[in-house]
Every structure is written in C-alpha cells, then in structure tokens.
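Structure file input.txt (compact mmCIF, C-alpha atoms (C1' of nucleotides)) follows.
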```txt
# COMPACT_ATOMS: atom_id res chain seq x y z
CA MET D 1 -23.38 20.42 -16.99
CA SER D 2 -22.64 16.86 -17.91
CA ARG D 3 -20.37 17.87 -20.79
CA LYS D 4 -18.11 19.80 -18.51
CA GLU D 5 -18.12 17.07 -15.91
CA SER D 6 -17.22 14.58 -18.55
CA ASP D 7 -14.33 16.76 -19.71
CA THR D 8 -12.92 16.94 -16.20
CA LYS D 9 -13.30 13.21 -15.75
CA LYS D 10 -11.42 12.68 -18.97
CA ARG D 11 -8.69 15.06 -17.85
CA ILE D 12 -8.29 13.09 -14.62
CA LEU D 13 -8.13 9.80 -16.52
CA GLU D 14 -5.52 11.20 -18.91
CA ALA D 15 -3.48 12.52 -16.01
CA THR D 16 -3.61 9.16 -14.24
CA TRP D 17 -2.63 7.38 -17.41
CA LYS D 18 0.28 9.74 -18.07
CA LEU D 19 1.68 9.42 -14.56
CA LEU D 20 1.30 5.65 -14.42
CA GLU D 21 2.88 5.25 -17.83
CA LYS D 22 5.91 7.29 -16.82
CA GLY D 23 5.80 5.22 -13.66
CA ASP D 24 9.33 4.32 -12.62
CA ALA D 25 9.68 3.77 -8.92
CA GLU D 26 7.65 6.93 -8.21
CA ARG D 27 4.43 6.06 -6.55
CA VAL D 28 1.41 7.85 -7.98
CA ARG D 29 -0.74 9.41 -5.26
CA MET D 30 -4.12 11.04 -5.53
CA SER D 31 -2.48 14.41 -4.98
CA ASP D 32 -0.03 13.80 -7.85
CA ILE D 33 -2.91 13.03 -10.16
CA ALA D 34 -4.82 16.13 -9.04
CA LYS D 35 -1.79 18.30 -9.65
CA GLU D 36 -1.24 16.80 -13.11
CA ALA D 37 -4.91 17.38 -13.99
CA GLY D 38 -4.81 20.95 -12.67
CA LEU D 39 -7.36 20.30 -9.93
CA SER D 40 -7.50 20.19 -6.17
CA ARG D 41 -7.14 16.77 -4.58
CA GLN D 42 -10.72 16.95 -3.34
CA ALA D 43 -12.04 17.56 -6.84
CA VAL D 44 -10.61 14.23 -7.91
CA TYR D 45 -12.55 12.54 -5.08
CA LEU D 46 -15.68 14.26 -6.40
CA HIS D 47 -15.38 12.23 -9.59
CA PHE D 48 -13.71 9.07 -8.28
CA PRO D 49 -14.47 8.46 -4.60
CA LYS D 50 -11.82 5.71 -4.24
CA ARG D 51 -8.36 5.36 -5.66
CA VAL D 52 -9.14 1.86 -6.89
CA GLU D 53 -12.17 3.14 -8.82
CA LEU D 54 -9.98 5.65 -10.58
CA LEU D 55 -7.48 2.96 -11.52
CA ILE D 56 -10.20 0.69 -12.83
CA ALA D 57 -11.76 3.53 -14.81
CA THR D 58 -8.36 4.37 -16.26
CA THR D 59 -7.89 0.76 -17.37
CA ARG D 60 -11.25 0.77 -19.12
CA TYR D 61 -10.58 4.17 -20.66
CA LEU D 62 -7.30 2.85 -22.02
CA ASP D 63 -8.94 -0.24 -23.47
CA ASP D 64 -11.45 2.00 -25.20
CA VAL D 65 -8.90 4.43 -26.59
CA LYS D 66 -6.59 1.66 -27.73
CA ALA D 67 -9.42 -0.52 -29.01
CA VAL D 68 -7.95 -3.70 -27.61
CA ASP D 69 -10.99 -5.78 -28.38
CA ARG D 70 -10.86 -4.85 -32.04
CA ARG D 71 -7.16 -5.63 -32.22
CA LEU D 72 -7.53 -9.01 -30.56
CA ALA D 73 -10.52 -9.86 -32.72
CA ALA D 74 -8.53 -9.01 -35.85
CA SER D 75 -6.24 -11.95 -35.15
CA ARG D 76 -9.17 -14.25 -35.76
CA ALA D 77 -9.09 -13.43 -39.46
CA ALA D 78 -6.01 -15.57 -40.17
CA SER D 79 -6.71 -18.67 -42.24
CA SER D 80 -4.75 -21.47 -40.57
CA GLY D 81 -4.65 -22.27 -36.88
CA LEU D 82 -0.92 -21.64 -36.66
CA GLU D 83 -1.18 -18.25 -38.33
CA ARG D 84 -4.00 -17.42 -36.02
CA LEU D 85 -1.90 -18.36 -32.99
CA ASP D 86 0.98 -16.20 -34.22
CA ALA D 87 -1.35 -13.31 -34.93
CA PHE D 88 -2.91 -13.51 -31.50
CA VAL D 89 0.44 -13.65 -29.73
CA ALA D 90 1.62 -10.66 -31.77
CA ALA D 91 -1.59 -8.70 -31.13
CA TRP D 92 -1.72 -9.23 -27.39
CA GLY D 93 2.04 -9.15 -26.93
CA GLY D 94 2.15 -5.86 -28.81
CA TYR D 95 -0.62 -4.46 -26.65
CA ILE D 96 0.99 -5.23 -23.30
CA PRO D 97 3.63 -2.45 -23.41
CA GLU D 98 0.90 0.08 -24.17
CA ILE D 99 -1.02 -0.73 -21.01
CA TYR D 100 1.82 -1.90 -18.80
CA GLY D 101 2.03 1.14 -16.52
CA VAL D 102 -1.67 1.20 -15.73
CA ALA D 103 -1.92 -2.57 -15.56
CA LYS D 104 0.92 -2.71 -13.05
CA ALA D 105 -0.89 -0.34 -10.71
CA LEU D 106 -4.07 -2.42 -10.88
CA ILE D 107 -2.20 -5.69 -10.42
CA ALA D 108 -0.49 -4.26 -7.34
CA MET D 109 -3.88 -3.60 -5.75
CA LYS D 110 -5.25 -7.00 -6.72
CA ASP D 111 -3.85 -8.71 -3.63
CA THR D 112 -5.45 -6.40 -1.09
CA ASP D 113 -8.52 -5.05 -2.90
CA THR D 114 -11.45 -7.17 -4.04
CA GLU D 115 -12.69 -4.62 -6.55
CA ALA D 116 -9.30 -4.40 -8.23
CA ASP D 117 -9.09 -8.17 -8.30
CA LEU D 118 -12.46 -8.48 -10.02
CA ALA D 119 -11.71 -5.76 -12.54
CA TRP D 120 -8.38 -7.28 -13.52
CA ARG D 121 -9.87 -10.78 -13.72
CA ASP D 122 -12.56 -9.40 -15.99
CA ARG D 123 -10.07 -7.85 -18.39
CA MET D 124 -7.93 -11.00 -18.38
CA GLN D 125 -10.97 -13.08 -19.15
CA ALA D 126 -11.12 -11.36 -22.53
CA VAL D 127 -7.54 -12.43 -23.15
CA ARG D 128 -8.37 -15.99 -22.13
CA GLU D 129 -11.16 -16.03 -24.67
CA GLY D 130 -8.65 -15.07 -27.33
CA CYS D 131 -6.39 -17.91 -26.20
CA GLU D 132 -9.30 -20.31 -26.30
CA ALA D 133 -10.21 -19.28 -29.84
CA ALA D 134 -6.63 -19.77 -30.99
CA VAL D 135 -6.48 -23.22 -29.38
CA ARG D 136 -9.77 -24.19 -31.00
CA ALA D 137 -8.49 -23.07 -34.38
CA LEU D 138 -5.38 -25.20 -33.90
CA ASN D 139 -7.53 -28.14 -32.95
CA ALA D 140 -9.76 -27.69 -35.98
CA ASP D 141 -6.62 -27.96 -38.14
CA GLY D 142 -5.60 -31.08 -36.27
CA ALA D 143 -2.50 -29.18 -35.21
CA LEU D 144 -3.06 -29.33 -31.46
CA GLY D 145 -0.66 -31.63 -29.60
CA GLN D 146 -1.86 -34.68 -27.69
CA ASP D 147 -0.32 -33.82 -24.31
CA PHE D 148 -3.02 -31.42 -23.16
CA SER D 149 -6.77 -31.06 -23.37
CA GLN D 150 -8.16 -27.98 -25.09
CA GLU D 151 -8.83 -26.36 -21.75
CA GLU D 152 -5.39 -27.12 -20.41
CA ALA D 153 -3.81 -25.85 -23.60
CA THR D 154 -5.82 -22.64 -23.19
CA ASP D 155 -4.65 -22.29 -19.59
CA LEU D 156 -1.03 -22.77 -20.63
CA LEU D 157 -1.18 -20.24 -23.43
CA TRP D 158 -2.98 -17.81 -21.15
CA THR D 159 -0.27 -18.24 -18.51
CA LEU D 160 2.53 -17.90 -21.05
CA LEU D 161 1.09 -14.60 -22.25
CA SER D 162 0.64 -13.02 -18.83
CA VAL D 163 1.68 -9.44 -18.21
CA ARG D 164 4.00 -10.72 -15.47
CA ASN D 165 5.85 -12.93 -17.94
CA TRP D 166 6.20 -10.04 -20.36
CA GLU D 167 7.58 -7.94 -17.51
CA HIS D 168 9.99 -10.67 -16.47
CA LEU D 169 11.39 -11.28 -19.94
CA ARG D 170 11.57 -7.62 -20.92
CA HIS D 171 12.87 -6.21 -17.64
CA ASP D 172 14.59 -9.00 -15.71
CA CYS D 173 15.97 -10.86 -18.73
CA GLY D 174 16.58 -7.77 -20.84
CA TRP D 175 14.76 -9.02 -23.92
CA SER D 176 13.74 -6.59 -26.65
CA GLN D 177 10.08 -6.34 -27.60
CA ALA D 178 10.85 -7.92 -30.98
CA ARG D 179 12.58 -10.87 -29.34
CA TYR D 180 9.71 -11.22 -26.88
CA ILE D 181 7.14 -11.51 -29.69
CA ASP D 182 9.24 -13.83 -31.80
CA HIS D 183 10.18 -16.18 -28.98
CA MET D 184 6.69 -16.21 -27.54
CA GLN D 185 5.30 -17.24 -30.91
CA ARG D 186 7.81 -20.08 -31.12
CA SER D 187 7.27 -21.13 -27.51
CA ALA D 188 3.50 -21.15 -27.91
CA ARG D 189 3.81 -23.27 -31.06
CA ARG D 190 6.15 -25.69 -29.32
CA VAL D 191 3.94 -26.07 -26.27
CA LEU D 192 0.67 -26.43 -28.15
CA THR D 193 1.45 -28.35 -31.34
CA MET X 18 22.39 -13.11 26.27
CA SER X 19 22.69 -14.03 22.66
CA ARG X 20 21.00 -17.39 23.09
CA LYS X 21 17.88 -15.83 24.48
CA GLU X 22 17.89 -13.10 21.85
CA SER X 23 18.25 -15.74 19.21
CA ASP X 24 15.29 -17.65 20.61
CA THR X 25 13.10 -14.57 20.47
CA LYS X 26 14.23 -13.81 16.94
CA LYS X 27 13.33 -17.33 15.95
CA ARG X 28 9.95 -17.00 17.61
CA ILE X 29 9.28 -13.84 15.61
CA LEU X 30 10.36 -15.51 12.39
CA GLU X 31 8.12 -18.49 13.08
CA ALA X 32 5.20 -16.21 13.88
CA THR X 33 5.72 -14.26 10.66
CA TRP X 34 5.94 -17.45 8.67
CA LYS X 35 2.82 -18.89 10.25
CA LEU X 36 0.74 -15.78 9.60
CA LEU X 37 1.97 -15.33 6.04
CA GLU X 38 1.36 -18.98 5.26
CA LYS X 39 -2.20 -18.80 6.51
CA GLY X 40 -2.33 -15.56 4.55
CA ASP X 41 -5.64 -15.29 2.71
CA ALA X 42 -6.77 -11.75 2.19
CA GLU X 43 -5.77 -10.80 5.74
CA ARG X 44 -2.89 -8.40 5.71
CA VAL X 45 -0.16 -9.23 8.18
CA ARG X 46 0.88 -6.21 10.23
CA MET X 47 3.75 -5.80 12.63
CA SER X 48 1.26 -5.83 15.50
CA ASP X 49 -0.24 -9.13 14.28
CA ILE X 50 3.19 -10.68 14.25
CA ALA X 51 3.99 -9.35 17.72
CA LYS X 52 0.74 -10.74 19.06
CA GLU X 53 1.40 -14.14 17.49
CA ALA X 54 4.92 -14.20 18.94
CA GLY X 55 3.66 -13.16 22.37
CA LEU X 56 5.59 -9.89 22.38
CA SER X 57 4.89 -6.19 22.33
CA ARG X 58 4.98 -4.51 18.93
CA GLN X 59 8.04 -2.52 19.98
CA ALA X 60 9.96 -5.67 20.90
CA VAL X 61 9.64 -6.83 17.31
CA TYR X 62 11.20 -3.55 16.16
CA LEU X 63 14.05 -4.23 18.59
CA HIS X 64 14.99 -7.28 16.52
CA PHE X 65 13.85 -6.19 13.06
CA PRO X 66 13.88 -2.40 12.67
CA LYS X 67 11.96 -2.47 9.36
CA ARG X 68 9.11 -4.62 8.16
CA VAL X 69 10.97 -5.42 4.96
CA GLU X 70 13.96 -6.70 6.94
CA LEU X 71 11.71 -9.06 8.83
CA LEU X 72 10.21 -10.37 5.60
CA ILE X 73 13.63 -10.89 4.07
CA ALA X 74 14.88 -12.63 7.20
CA THR X 75 11.80 -14.86 7.17
CA THR X 76 12.49 -15.83 3.56
CA ARG X 77 16.08 -16.76 4.39
CA TYR X 78 14.98 -18.61 7.51
CA LEU X 79 12.55 -20.61 5.42
CA ASP X 80 15.16 -21.44 2.83
CA ASP X 81 17.40 -22.69 5.62
CA VAL X 82 14.74 -24.76 7.33
CA LYS X 83 13.50 -26.23 4.08
CA ALA X 84 16.99 -26.68 2.67
CA VAL X 85 16.03 -25.47 -0.77
CA ASP X 86 19.58 -25.38 -2.04
CA ARG X 87 20.12 -29.02 -1.20
CA ARG X 88 16.85 -30.00 -2.85
CA LEU X 89 17.60 -28.09 -6.02
CA ALA X 90 21.15 -29.43 -6.11
CA ALA X 91 19.82 -32.99 -5.81
CA SER X 92 18.18 -32.64 -9.22
CA ARG X 93 21.65 -32.41 -10.73
CA ALA X 94 22.28 -36.07 -9.98
CA ALA X 95 20.04 -37.34 -12.79
CA SER X 96 21.92 -38.99 -15.62
CA SER X 97 20.32 -37.67 -18.82
CA GLY X 98 19.54 -34.06 -19.63
CA LEU X 99 15.84 -34.77 -19.91
CA GLU X 100 15.68 -36.54 -16.57
CA ARG X 101 17.59 -33.67 -15.07
CA LEU X 102 15.11 -31.17 -16.47
CA ASP X 103 12.18 -33.17 -15.09
CA ALA X 104 13.87 -33.50 -11.71
CA PHE X 105 14.56 -29.78 -11.53
CA VAL X 106 11.01 -28.84 -12.47
CA ALA X 107 9.69 -31.27 -9.86
CA ALA X 108 12.09 -30.04 -7.17
CA TRP X 109 11.44 -26.33 -7.66
CA GLY X 110 7.77 -26.76 -8.49
CA GLY X 111 7.35 -28.80 -5.34
CA TYR X 112 9.10 -26.17 -3.30
CA ILE X 113 6.96 -23.23 -4.41
CA PRO X 114 3.84 -24.12 -2.38
CA GLU X 115 5.98 -24.38 0.74
CA ILE X 116 7.25 -20.83 0.43
CA TYR X 117 4.32 -19.26 -1.38
CA GLY X 118 2.86 -17.27 1.51
CA VAL X 119 6.14 -15.68 2.48
CA ALA X 120 7.24 -15.21 -1.12
CA LYS X 121 4.00 -13.43 -1.94
CA ALA X 122 4.59 -10.86 0.80
CA LEU X 123 8.11 -10.18 -0.43
CA ILE X 124 7.00 -9.96 -4.07
CA ALA X 125 4.34 -7.45 -3.09
CA MET X 126 6.99 -5.15 -1.61
CA LYS X 127 9.32 -5.57 -4.59
CA ASP X 128 7.64 -2.80 -6.56
CA THR X 129 8.03 -0.11 -3.91
CA ASP X 130 11.02 -1.25 -1.87
CA THR X 131 14.55 -1.55 -3.21
CA GLU X 132 15.72 -3.88 -0.46
CA ALA X 133 12.87 -6.29 -1.06
CA ASP X 134 13.58 -6.16 -4.78
CA LEU X 135 17.25 -7.04 -4.27
CA ALA X 136 16.49 -9.84 -1.81
CA TRP X 137 13.94 -11.45 -4.12
CA ARG X 138 16.20 -11.10 -7.15
CA ASP X 139 18.95 -12.77 -5.16
CA ARG X 140 16.81 -15.78 -4.29
CA MET X 141 15.53 -16.03 -7.86
CA GLN X 142 19.07 -15.96 -9.14
CA ALA X 143 19.63 -19.31 -7.43
CA VAL X 144 16.65 -20.67 -9.35
CA ARG X 145 18.03 -19.27 -12.58
CA GLU X 146 21.28 -21.10 -11.96
CA GLY X 147 19.32 -24.32 -11.65
CA CYS X 148 17.58 -23.57 -14.94
CA GLU X 149 20.91 -22.85 -16.56
CA ALA X 150 22.38 -26.13 -15.34
CA ALA X 151 19.39 -28.05 -16.69
CA VAL X 152 19.68 -26.32 -20.07
CA ARG X 153 23.39 -27.04 -20.21
CA ALA X 154 22.74 -30.70 -19.46
CA LEU X 155 20.19 -30.84 -22.27
CA ASN X 156 22.67 -29.22 -24.60
CA ALA X 157 25.40 -31.68 -23.64
CA ASP X 158 23.04 -34.49 -24.67
CA GLY X 159 22.37 -32.72 -27.94
CA ALA X 160 18.73 -32.53 -26.84
CA LEU X 161 18.40 -28.74 -26.84
CA GLY X 162 16.23 -27.37 -29.65
CA GLN X 163 17.60 -25.05 -32.31
CA ASP X 164 15.15 -22.20 -31.84
CA PHE X 165 16.84 -20.59 -28.85
CA SER X 166 20.34 -19.94 -27.61
CA GLN X 167 21.34 -21.49 -24.29
CA GLU X 168 20.80 -18.17 -22.54
CA GLU X 169 17.40 -17.62 -24.12
CA ALA X 170 16.39 -21.16 -23.25
CA THR X 171 17.42 -20.50 -19.66
CA ASP X 172 15.37 -17.29 -19.60
CA LEU X 173 12.34 -19.12 -20.95
CA LEU X 174 12.56 -21.95 -18.46
CA TRP X 175 13.14 -19.46 -15.66
CA THR X 176 10.05 -17.52 -16.72
CA LEU X 177 7.96 -20.65 -17.09
CA LEU X 178 8.82 -21.69 -13.53
CA SER X 179 8.06 -18.35 -11.89
CA VAL X 180 6.08 -18.20 -8.67
CA ARG X 181 3.53 -16.00 -10.47
CA ASN X 182 2.92 -18.70 -13.08
CA TRP X 183 2.48 -21.30 -10.35
CA GLU X 184 0.01 -18.98 -8.64
CA HIS X 185 -1.87 -18.39 -11.87
CA LEU X 186 -2.21 -22.05 -12.80
CA ARG X 187 -3.01 -23.26 -9.29
CA HIS X 188 -5.34 -20.45 -8.22
CA ASP X 189 -6.79 -18.81 -11.36
CA CYS X 190 -6.91 -21.96 -13.50
CA GLY X 191 -7.72 -24.34 -10.66
CA TRP X 192 -4.96 -26.82 -11.43
CA SER X 193 -3.90 -29.37 -8.82
CA GLN X 194 -0.29 -29.47 -7.69
CA ALA X 195 0.19 -32.82 -9.44
CA ARG X 196 -1.17 -31.46 -12.70
CA TYR X 197 1.03 -28.39 -12.35
CA ILE X 198 4.19 -30.49 -12.01
CA ASP X 199 3.26 -32.89 -14.77
CA HIS X 200 2.25 -30.25 -17.29
CA MET X 201 5.19 -28.02 -16.47
CA GLN X 202 7.55 -30.90 -17.13
CA ARG X 203 5.89 -31.53 -20.47
CA SER X 204 5.79 -27.85 -21.38
CA ALA X 205 9.43 -27.36 -20.48
CA ARG X 206 10.39 -30.35 -22.61
CA ARG X 207 8.35 -29.06 -25.51
CA VAL X 208 9.78 -25.55 -25.36
CA LEU X 209 13.39 -26.58 -24.92
CA THR X 210 13.88 -29.73 -26.98
C1' DG C 27 -30.97 41.84 -12.56
C1' DG C 28 -31.26 38.62 -9.16
C1' DT C 29 -31.35 33.71 -7.83
C1' DT C 30 -30.23 29.09 -8.16
C1' DT C 31 -27.18 25.39 -8.99
C1' DA C 32 -23.28 22.41 -10.16
C1' DA C 33 -18.44 22.24 -10.18
C1' DC C 34 -14.74 23.30 -7.76
C1' DT C 35 -11.61 25.14 -3.73
C1' DT C 36 -10.16 25.40 0.88
C1' DT C 37 -9.62 23.90 5.38
C1' DA C 38 -9.88 20.52 8.78
C1' DC C 39 -9.93 16.14 10.58
C1' DA C 40 -10.41 10.82 11.22
C1' DC C 41 -8.04 6.62 10.35
C1' DT C 42 -4.36 3.12 9.59
C1' DA C 43 0.05 1.48 9.60
C1' DT C 44 5.04 2.21 9.95
C1' DG C 45 8.64 3.78 12.44
C1' DT C 46 11.12 6.69 16.31
C1' DA C 47 11.93 7.97 21.09
C1' DA C 48 12.39 7.47 25.75
C1' DA C 49 11.28 6.20 30.45
C1' DG C 50 10.08 2.26 33.30
C1' DT C 51 10.19 -2.98 34.61
C1' DT C 52 12.25 -7.42 35.41
C1' DG C 53 15.18 -11.14 36.18
C1' DA C 54 19.68 -13.25 35.68
C1' DC C 55 24.27 -13.00 36.74
C1' DA C 56 28.63 -11.18 38.87
C1' DT H 5 23.61 -5.43 45.82
C1' DG H 6 24.10 -3.45 41.61
C1' DT H 7 24.36 -3.78 36.65
C1' DC H 8 22.82 -4.97 32.23
C1' DA H 9 20.12 -6.74 28.45
C1' DA H 10 15.61 -7.83 27.04
C1' DC H 11 11.34 -6.36 27.14
C1' DT H 12 7.05 -3.20 28.14
C1' DT H 13 4.55 0.97 28.02
C1' DT H 14 3.40 5.31 26.45
C1' DA H 15 3.74 8.93 23.28
C1' DC H 16 4.49 10.97 19.09
C1' DA H 17 5.98 11.88 13.95
C1' DT H 18 4.77 10.77 9.28
C1' DA H 19 2.39 9.45 4.94
C1' DG H 20 -1.48 8.66 2.37
C1' DT H 21 -6.49 7.69 1.92
C1' DG H 22 -10.84 9.14 2.60
C1' DT H 23 -14.75 12.14 4.89
C1' DA H 24 -16.96 16.52 6.01
C1' DA H 25 -18.41 20.94 5.45
C1' DA H 26 -18.21 25.83 4.47
C1' DG H 27 -16.94 29.09 0.90
C1' DT H 28 -16.27 30.62 -4.25
C1' DT H 29 -17.52 31.14 -9.05
C1' DA H 30 -19.75 31.33 -13.23
C1' DA H 31 -23.25 29.78 -16.23
C1' DA H 32 -28.23 29.10 -16.73
C1' DC H 33 -32.77 30.26 -15.84
C1' DC H 34 -36.76 33.21 -14.63
```

Written form, structure tokens:
Amino acid sequence: MSRKESDTKKRILEATWKLLEKGDAERVRMSDIAKEAGLSRQAVYLHFPKRVELLIATTRYLDDVKAVDRRLAASRAASSGLERLDAFVAAWGGYIPEIYGVAKALIAMKDTDTEADLAWRDRMQAVREGCEAAVRALNADGALGQDFSQEEATDLLWTLLSVRNWEHLRHDCGWSQARYIDHMQRSARRVLT
Amino acid sequence: MSRKESDTKKRILEATWKLLEKGDAERVRMSDIAKEAGLSRQAVYLHFPKRVELLIATTRYLDDVKAVDRRLAASRAASSGLERLDAFVAAWGGYIPEIYGVAKALIAMKDTDTEADLAWRDRMQAVREGCEAAVRALNADGALGQDFSQEEATDLLWTLLSVRNWEHLRHDCGWSQARYIDHMQRSARRVLT
DNA sequence: GGTTTAACTTTACACTATGTAAAGTTGACA
DNA sequence: TGTCAACTTTACATAGTGTAAAGTTAAACC
C-alpha cells in the first residue's frame, strides 16, 4: 500500500537526516542508514536505488519540513532595502546550521556526481534569487554602491553567504552563530552600499 | 641511488600535478598517475605509500616550484596599508588558479582524512598570516574600519579569499580572473576600511 | 479459506579503488 | 662475479556501492 511505503520512505529520510546531522567524522553508509531506520540494507535500495538519490531526497525533505522558502520569502516584507538585506542575511544565515549536516554530504558528492551537482545548484539558485531581490531593493532605495553592477553585487552577496563560508567562520575561525549573523550583515552592507 | 630515486619521485609528482591540473570530472587514480609517470602502480606505492601522502607532497612541491611564499611576502613591500591590501589580494588571488587542481583534490579529502585536513590547514595558515599582516598595515595607517577587531577583520579577509570563493565566482558566476581580482580588491577595501 | 501481491529479508556476488605482500627482473657498481 | 636498490608482476585483503534472485510475511481480495 502506498501509505505504508510512504511511511517507510519517511523513516529512511529521517534516519539519513539524523545520522548526517550528528555527522562528525563518521561517514554515513547505506548500511548505517538501514540500521538506524530498522530495515535491511537492501530495503533501503528498494526505495532509493542510489545513495545520491537518497541524499537529494533528504535535502528536499528537509527544505519541506523546515519551510525554507517561506522563511526566505518572509525577509521580503521589510520596508527599506537595508532592512531587507539584514533580514535576508539573518534568515538564510540562521537556516544554514539547520541543514549543514545534510548539505555537507551533498556538497561532498558534487565534485564527482553530476546529479548531486545539479541538485545542489538548484537549491542554491533559490538562495541566489533571494540575494538578487535584496540587491534590487537596495538599488530601488538608491542605496546600492557604484562599484558593482546589480548582477555582480548579487554574485558577491551570494558568495559571501555560501555554506562553505559559514563553515569556515564557524568552525575554522571559531565564531559563534550570533557573531556570524551580525558580522555578515555588516559585511554585506559594507560591500554593497 | 638517491639521485635516481629523487628523479622518479619528481616524475610522479609532476604526473600527479599534470593530471590534477587537467582535472575536469575525471577522477585521478593511483593507476592513472602511474601510467602518466611511466611506472607500474606498485612503484608509485614504493615512493608514496598512501594516496593522501602523494597529494600532500604534490601540494608542497607546487608551492616550492611556484615560490608562493616569496610571492606573498613581496606584497609586504607596498608603502601604504591600502596598497599592501591590494597587492596581497592580487598576489594570492593570482596564485589560486595555478594551484587550483591540486588544491581541489586535497580539499576533497579534508572531510574524511585527518592528514589531508592538517596539511591543508597548514598551507592556509600561511595565507592567514598574510591577511593578518595586511590588516595590521591598514590599522597602522588608521585605515581599518571600526566594525571589526583586528582578528575578526583578518578572519573576514581570510574567508573572502578562500579557494572555494574563487571557485564559486570563477566557475558558478562566470567571472573572469581579472574581474575576480579587481572586485575582490574592492570588496576587501569596503569590508575592512 | 485459499490465493495473490507488495513490502521486506536473506544470501550471494560483481565492481572499483586502495593498500599489502612477496617473488622475480634488471642494471649499475664494487 | 656478486650484491643491492629500483622496479615489475602477480596475487590477494578490504570497504563500500550496487545488482540479482529466492524466500518470508501479512494484508487484501474473491
């Protein structure tokens, strides 16, 4: 029955999520996921024929559960361009830690797997659109600096807000999440205005 | 004889470099490297017992050949803090494309291999020191902005100049190398001053 | 009540790449 | 002539992904 199948699928996705979130150095294998979901390894392949498909599905599942689109869209409500920029940085920057574990696994496959690359690009495109909207709002206020075109400004903001940069500042530089958000907001303002 | 051994080692390092530079989606295996160097796969293991050791050795070899330290140090000659910042961004930013292929391979192993992680951290520490020197020079001129401490400013510059950001702007955003250097110089100035 | 069917288990194996092990080859040098 | 280091060749262990196929189970349907 499709209800039961759907339940099992969900259980696998939750198990994958849980293991990837805990993450650490431990690599997450198909057999680990099966064990966590209380299934045989082969049963997992019944639902997700390839590891990369499971990772992609987990990413999408996470985006659904966490309602990322809604949260990013909410930042568009701010009145001024600057407020909108701050709100977007806070929204996306606050979302990163919630998806980091799963995102990391997908990013790691990006270099060797075309499907993973496309899926990640697709998700990041949504973020770029948010950046673009923020830049346009700044421009509408006349607050956008003269150094860069709108597209270049979008690229820069998009780059600044990458998951890799979050990882670097939080993990390699030892920044707190609060400092990350605050300093990213300031940096974005300084670069763009 | 050690001279002959050294020649073979060099040949392996050159082969690794060449294949990683060409790179593309093609994964570079130990057997590919052996073939390129005109050796049996086992002979490569005679000189580099682990793949990660070979990658690390290739990175160091490259740094030697390209004299990265000298090039980064040269940026310290500039008179004003701002000129020094520009020179450092240009020096490091110009170096990235020359090491990108090899660096990418090492970065990819970082997540699963402790040795690779340490080796990459070590190389990046040298870059951080360059960032720190540039920030200090800005501060000495009284040109450093008030938003960030010297350490935070160093972290931000270091993050901005990451290989991943170069990759993102050049490959995902389609920027030219010239645009990358120019806009990074401007962005760094804007964030730090 | 018996049959069908989908979901799942169990067992087995192919494949790829790293890495280990060990016996055999070759050419320079003493 | 014999030794030694560098290298080749062959074989095998290991880990993880993915395929294949036969067997189990329980709900649904007639």

Residues at most 6 Å from segment 63-79 of chain D, counting all atoms listed in the file, excluding those fewer than 6 positions away in the same chain, as a PDB file with C-alpha atoms, in the coordinates of the input?
```pdb
ATOM      1  CA  ALA D  87      -1.350 -13.310 -34.930  1.00  0.00           C
ATOM      2  CA  PHE D  88      -2.910 -13.510 -31.500  1.00  0.00           C
ATOM      3  CA  ALA D  91      -1.590  -8.700 -31.130  1.00  0.00           C
TER       4      ALA D  91
END
```

**OP:** Grab the atom CA of Met109 of chain D to atom CA of Val52 of chain D distance for me, in Å with one decimal place.
**Re:**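 Atom-to-atom, atom CA of Met109 of chain D and atom CA of Val52 of chain D are spaced 7.7 Å apart.
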
**OP:** Name the closest residue to Asp189 of chain X among the candidates D:Ala153, D:Met124, D:Val191, D:Leu46; distances are taken between atoms, counting only C-alpha atoms.
**Re:**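 Closest to Asp189 of chain X of all the choices is D:Met124.
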
With 9 Å as the cut-off and all atoms listed in the file counted, what is the closest atom pair between each nearby residue of chain C and chain D? Distances in Å to one decimal, ordered by chain and number, as a tab-separated table.
```
residue	atom	partner	partner_atom	distance
C:DA32	C1'	D:Met1	CA	7.1
C:DA33	C1'	D:Glu5	CA	7.7
C:DC34	C1'	D:Ala43	CA	6.4
C:DT35	C1'	D:Ser40	CA	6.9
```

**OP:** Determine which residues of chain X sit within 10 Å of chain D, taking into account only C-alpha atoms, and present them as a PyMOL selection string.
**Re:** chain X and resi 41-44+121-122+124-126+128-131+138+164-165+168-173+175-177+179+181-186+189-192+196+200-201+203-210

**OP:** Hey, list the chain H side of the contact with chain D: 12 Å cut-off, all atoms listed in the file, answer as a PyMOL selection string.
**Re:** chain H and resi 19-24+31-32

Those same residues, written as an mmCIF file, in the coordinates of the input with C-alpha atoms (C1' of nucleotides)?
```
data_model
loop_
_atom_site.group_PDB
_atom_site.id
_atom_site.type_symbol
_atom_site.label_atom_id
_atom_site.label_comp_id
_atom_site.auth_asym_id
_atom_site.auth_seq_id
_atom_site.Cartn_x
_atom_site.Cartn_y
_atom_site.Cartn_z
ATOM 1 C "C1'" DA H 19 2.390 9.450 4.940
ATOM 2 C "C1'" DG H 20 -1.480 8.660 2.370
ATOM 3 C "C1'" DT H 21 -6.490 7.690 1.920
ATOM 4 C "C1'" DG H 22 -10.840 9.140 2.600
ATOM 5 C "C1'" DT H 23 -14.750 12.140 4.890
ATOM 6 C "C1'" DA H 24 -16.960 16.520 6.010
ATOM 7 C "C1'" DA H 31 -23.250 29.780 -16.230
ATOM 8 C "C1'" DA H 32 -28.230 29.100 -16.730
#
```

Subject >> Two-atom distance - atom CA of Ala154 of chain X, atom CA of Tyr180 of chain D (Å) >> reply: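 Between these atoms lies a distance of 24.6 Å.
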
Return as lines of an AutoDock Vina configuration file the box centre and box size in Å, one decimal, for an axis-aligned box around all listed atoms of segment 38-51 of chain C padded by 3 Å per side.
```
center_x = 1.0
center_y = 8.8
center_z = 21.7
size_x = 28.8
size_y = 29.5
size_z = 31.8
```

Subject >> Nearby residues, (2.1, -18.6, -1.3) file frame, 9 Å, all atoms listed in the file, as a PyMOL selection string >> reply: chain X and resi 37-40+113-122+180+184
